[in-house]
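Reading through the structure tokens given below for one structure.
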Amino acid sequence: MKQFDVIVIGGGHAGCEAAHASARMGASTALVTMKISDLGVMSCNPAIGGLGKGHLVREIDAMDGIMGRVADAAGIQFRLLNRRKGPAVQGPRTQADREIYQAEMREAISNTPNLTVIEAEVTDFIMDGNSVVGITTAKDEQVRGSTVILTTGTFLRGLIHIGDKSYGGGRMGDAAATRLAERIDDFGLPLGRLKTGTPPRLAKQSINWEDLETQEADENASMFSFMSTAPALRQVSCGITHTNEKTHDIIRRNLERSAMYGGHIDGVGPRYCPSIEDKIVRFADKTSHQIFLEPEGLGLETIYPNGISTSLPAEVQEDYVRSIAGLEQAKILQPGYAIEYDYVDPRALNSDLSVRNIGGLYFAGQINGTTGYEEAAAQGLVAGLNAARKAFDQDRAIFRRDNSYIGVMIDDLVTRGVTEPYRMFTSRAEFRLSLRADNADQRLTEFGLALGCVGQDRAAVFGEKQKQLASGRERMNRAEYTPKQISQAGIKINQDGTKRTPFQLLSFPDVTFNDVIALDSDLGDIPSEIQDQLSRDALYANYIARQKNDVERMRKDEKHLIPADFSYETVTGLSSELRGKLEAIRPTDLSQASRIDGMTPAALALILGRMRSMAKKSA
Amino acid sequence: MDTIFALATAQGRAGVAVIRISGPDAFDIGMGLVGDLPAPRRTGVRYVRNSAGEVLDEAMVLAFAGPASFTGEDVVELHLHGSIAVVQAILKELSQSTARIADPGEFTRRALDNDKLDLLQVEALGDLISAETEMQRQQAMRMLSGDVSQKIEEWRAQLIRAAALIEATIDFADEDVPVDVSEEVQALLGSVHSDMERNVQGYATAERVRVGFEVAIVGRPNTGKSTLLNNIARREAAITSAQAGTTRDIIEVRMDLNGLPVTILDTAGLRDGADDVESKGIERAVERATAADLRIFIMEPGEDLGIPHLTQDIVVAPMADTRSDNLPSVSGKTGEGVQRLVDDVTAVLSDRVQSAGLVTHERHRRAFVSSVQNLNAASRSVGNGPDYYDIAAEEVRTAIRELEVVIGRVDVENLLGEIFSSFCLGK
């Protein structure tokens, strides 16, 4: 029988990142997938990154993960979103060539030491008491592992809907994992049902591109990986078109034939990624909606029309698509569909993504109620690192709300649960000004080095950059200048008598690095990418200082660890509703408890009081 | 959850004493004492008996089924004869039941936990219980009834709307959302800002209503200041307290002046060449009088007492009974001019009360003031255009957090101890 440290079930974005992270940690790792050819497949739109999502990819990369590098190798339209706004809210994004992405991912996985790919359907877990110690495949083979990571995406009782037709499946053309779902039922975990949708795919040649607006790639591409410098592939543009009154009429007339409006779907869909049916019902006064026509690859014939996901019958899809400018002759290669699937309430998980009541089992990705490749991969990273550490008997590696979007996401999931598929937004991060895509390495690579998941190449690049940043920062803070000296250098400033360093001057929104070079020409020999980074750091310096209080308060509350066996029954004065939530979520500390929905300061004080009296008794 | 009990009225002999029992066993324990309970929210007269069956008192009994009660739990109230012996006997009987004596403020805390009151209302309840005058009562009631919380919720909702507009342009930049939302955001920020600022400005007065106005009587020695104070106190006001000041020369009399809480300060007569002890007294008099909310100068025209004279301060001549001129004057001895003086003082203070804001506690004021600053900064950033929305969003977020601290949504542990400890047992 085969024996591994870590077994990863599923080869999607969560599974690949998890297996890679575990292998980087030095754990012997097996990745078990139904089809090797499907490693890293993009089931939905062919794009990586965006706002919040791009931050996640940068953070994965800072930990030496693979998503960023693979996306850089497959990117065909790099764009930095919010380029004109401040760096804290800029998010890198790219269209990706679907086939090249898959090929690059397959290669990255197969070239990773310690990592074995097994093609099989997992049907059961091998249990030892209350702990998972391995898996059984459909061919009754057994594979043993100290820890197991489950990343089944939408395959758990997946149900595909097109109009009033529905059939089981995890993705168009692939079987659902129904037997595994039954096994998971036995664990008694809280399950829920979500849905998501995808638009019809169109044939490139059948679109009349002549009169359509286009959206070009950026001239200077912002890459995902701190190790990449420029795109590997030719950059292409997307087309833009719009729905019109006629489109809306067709959809309105056929609403009851839509799976969602016909009452065939029970799952809850995301509010921010509505189907075209939803858009037309909910925003009835809008006469037009924007559609991006995104190429799925350089050599591919398929176009992904972003903005018209649907669960209408195939013939209605054809009707409404052809009512749209440029798509009059469009040929549908694959109809759009909605998919419903089971997810596990992530409040049943710990912050390392281990299942609270089952030993050795980790969940990552869409199974935890999230949506998006990037969210899945980031969870894969967390589960991979932690499953490996657990196999080596090491402590949990926890990401924090004040050091990463990964930390924000995990904390949101395990503390607040989900009510719709969870997608990352920059507005979810209360420390947004310090959690930037540009400084992901400064925030996390050190942590990765300490955990042992960062390779030598990156360690060297990172070390050199840190040295240059430190030296640049030191030089920028060495001398102080009077307002008079500053205005003589051509910088507009209040004559308020306050002396300022060049770094402090950079925190003014209209002061650029060139301005401070005018003040001290020596600063000109700081390398330009270091100049840029220092400017971005300086811009928010005052706000970040202000946020320090909040961070400290959070850390103080985090020090009040709530024992795992803490009995909320013994806390008098807690409402039964809060008590129920606390027992289900089992916060690890007072800070996490304070973020539980409906928590009151009085209840926190009661818990703290009870913890203190327990500590006194045991002392 | 424990069932708790306590004497809800003041300790000591009184006409009526109320014992309150709250918690899951309240009805069982109540029945143990009085037999059957009246229907919820109805009164019933019952004998209260100890476990041996002896009658301890005859009481009016009220039962409230949770959540329709003060604490949100089942509650029984025993309205007893206010005899120390009766109360003691019944408390002793209760302490042998499954219930325990309540901690200070525990009934209120349970009300807070069960969402019967919010944090502001808890503070208001404290104010109401210690209110001595009509104005104080009205102000506390405004807060207790949730007016203030409602106002804050309104502001919060508007700011969340503003934040949402900004965040939409940030997080959905690649979708079909407006790029520039500055106009609507500015309108929202501006409306909250001016409303909040008005309330902050009215804080000083509102705080005065809560703790009382100080009115100082100043003048040369032997102008009849003390006689005047005695006259006002006797004729116009219910004296609520009278005590010698820390210096032997300032007498403070706290009274209810037409509903306004007022402390009248009788200060040492101001004169030169006094001895050491008297000089000290005069120094204090000048200091207190200057700091007071209003001054009554008893003096002849043209005199300078060395105390700044503010617009609304009142000037009257002394010894109305012996004067022959037509100057406004007052005499404590005969009462001449006293009513007019009191009317003038009331008019000035009532006028100020009109501007009292919803902000009555320093804790709230601090939060609102920093919220206002954040809104100013947010507004400046929004004014610079969509490129600066990242900063604007941060400021709005901070402003919202400040408001949430006031309603007690977030991290206010430390403050809770303070709020609850200011309650006496059983409230």
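Chains: A, B, ... in order of the structure tokens. Residues: from 1 per chain. Ligands: from 1, in order shown.
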
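Residue list for chain A within 7 Å of chain B: Leu51, Leu81, Asn82, Arg84, Lys85, Gly86, Val89, Gln290, Phe425, Thr426, Ser427, Thr572, Gly573, Leu574, Ser575, Thr600, Pro601, Ala602, Ala603 and Ala605 of chain A, counting only C-alpha atoms.
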
Between atom CA of B:Lys92 and atom CA of B:Gly15 - distance in Å to one decimal: 20.4 Å

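The residue that comes closest to B:Ile282, out of B:Gly126, B:Gly212, B:Gly53, B:Gly306 and on the basis of only C-alpha atoms, is B:Gly306.
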
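Considering only C-alpha atoms, the residue among A:Thr501, A:Ser323, A:Gln488, A:Gln334 positioned nearest to A:Arg475 is A:Thr501.
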
Using only C-alpha atoms, determine which residues lie at most 12 Å from A:Gly580, disregarding the query and same-chain residues fewer than 5 positions distant; provide the list as a compact mmCIF listing (two decimals) with N, CA, C and O atoms, in the first residue's frame.
# COMPACT_ATOMS: atom_id res chain seq x y z
N SER A 567 -16.69 25.92 28.20
CA SER A 567 -18.11 25.61 28.25
C SER A 567 -18.93 26.91 28.28
O SER A 567 -18.93 27.62 29.28
N TYR A 568 -19.60 27.21 27.18
CA TYR A 568 -20.42 28.41 27.15
C TYR A 568 -21.67 28.26 28.00
O TYR A 568 -22.31 29.23 28.38
N GLU A 569 -22.02 27.00 28.34
CA GLU A 569 -23.13 26.73 29.25
C GLU A 569 -22.91 27.42 30.58
O GLU A 569 -23.85 27.87 31.23
N LEU A 574 -25.44 34.92 28.90
CA LEU A 574 -25.36 34.86 27.43
C LEU A 574 -26.73 34.52 26.86
O LEU A 574 -27.40 33.63 27.36
N SER A 575 -27.12 35.21 25.82
CA SER A 575 -28.39 34.85 25.19
C SER A 575 -28.22 33.50 24.50
O SER A 575 -27.12 33.13 24.11
N ILE A 585 -19.09 27.88 16.34
CA ILE A 585 -17.89 28.46 15.72
C ILE A 585 -16.65 28.18 16.55
O ILE A 585 -15.56 28.03 16.02
N ARG A 586 -16.82 28.11 17.88
CA ARG A 586 -15.70 27.87 18.78
C ARG A 586 -14.51 28.79 18.47
O ARG A 586 -13.45 28.33 18.03
N ILE A 596 -17.91 37.68 15.58
CA ILE A 596 -19.07 36.85 15.29
C ILE A 596 -20.29 37.75 15.13
O ILE A 596 -20.49 38.69 15.90
N ASP A 597 -21.07 37.47 14.13
CA ASP A 597 -22.25 38.25 13.81
C ASP A 597 -23.17 38.34 15.03
O ASP A 597 -23.53 37.31 15.60
N GLY A 598 -23.54 39.54 15.44
CA GLY A 598 -24.47 39.71 16.55
C GLY A 598 -23.80 39.75 17.91
O GLY A 598 -24.47 39.87 18.94
N MET A 599 -22.47 39.66 17.95
CA MET A 599 -21.76 39.68 19.23
C MET A 599 -21.91 41.06 19.89
O MET A 599 -21.90 42.08 19.21

Who sits within 12 Å of B:Thr311, only C-alpha atoms, same chain under 2 positions skipped, as a ChimeraX atom specification: /B:293-296,308-309,313-315,348

Please produce a file of those selected residues containing N, CA and C atoms, as a PDB file, in the first residue's frame.
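Wrote again01.pdb, looks like this:
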ATOM      1  N   ASP B 293     -21.690  79.235  34.818  1.00  0.00           N
ATOM      2  CA  ASP B 293     -22.422  79.380  33.567  1.00  0.00           C
ATOM      3  C   ASP B 293     -23.044  80.771  33.442  1.00  0.00           C
ATOM      4  N   LEU B 294     -23.334  81.390  34.596  1.00  0.00           N
ATOM      5  CA  LEU B 294     -24.011  82.694  34.596  1.00  0.00           C
ATOM      6  C   LEU B 294     -23.661  83.393  35.901  1.00  0.00           C
ATOM      7  N   ARG B 295     -23.549  84.723  35.838  1.00  0.00           N
ATOM      8  CA  ARG B 295     -23.230  85.499  37.023  1.00  0.00           C
ATOM      9  C   ARG B 295     -24.319  86.529  37.305  1.00  0.00           C
ATOM     10  N   ILE B 296     -24.684  86.661  38.586  1.00  0.00           N
ATOM     11  CA  ILE B 296     -25.571  87.757  38.989  1.00  0.00           C
ATOM     12  C   ILE B 296     -24.698  88.767  39.730  1.00  0.00           C
ATOM     13  N   PRO B 308     -14.746  89.124  34.794  1.00  0.00           N
ATOM     14  CA  PRO B 308     -15.242  89.403  33.438  1.00  0.00           C
ATOM     15  C   PRO B 308     -16.761  89.335  33.381  1.00  0.00           C
ATOM     16  N   HIS B 309     -17.322  90.233  32.631  1.00  0.00           N
ATOM     17  CA  HIS B 309     -18.760  90.392  32.566  1.00  0.00           C
ATOM     18  C   HIS B 309     -19.233  89.951  31.186  1.00  0.00           C
ATOM     19  N   ASP B 313     -24.883  87.899  31.384  1.00  0.00           N
ATOM     20  CA  ASP B 313     -24.831  88.064  32.842  1.00  0.00           C
ATOM     21  C   ASP B 313     -25.838  89.131  33.289  1.00  0.00           C
ATOM     22  N   ILE B 314     -26.298  88.992  34.535  1.00  0.00           N
ATOM     23  CA  ILE B 314     -27.358  89.873  35.021  1.00  0.00           C
ATOM     24  C   ILE B 314     -26.781  90.850  36.046  1.00  0.00           C
ATOM     25  N   VAL B 315     -27.123  92.111  35.889  1.00  0.00           N
ATOM     26  CA  VAL B 315     -26.649  93.123  36.844  1.00  0.00           C
ATOM     27  C   VAL B 315     -27.846  93.752  37.555  1.00  0.00           C
ATOM     28  N   VAL B 348     -32.689  83.198  30.691  1.00  0.00           N
ATOM     29  CA  VAL B 348     -31.363  83.041  30.068  1.00  0.00           C
ATOM     30  C   VAL B 348     -31.035  81.554  29.907  1.00  0.00           C
TER      31      VAL B 348
END
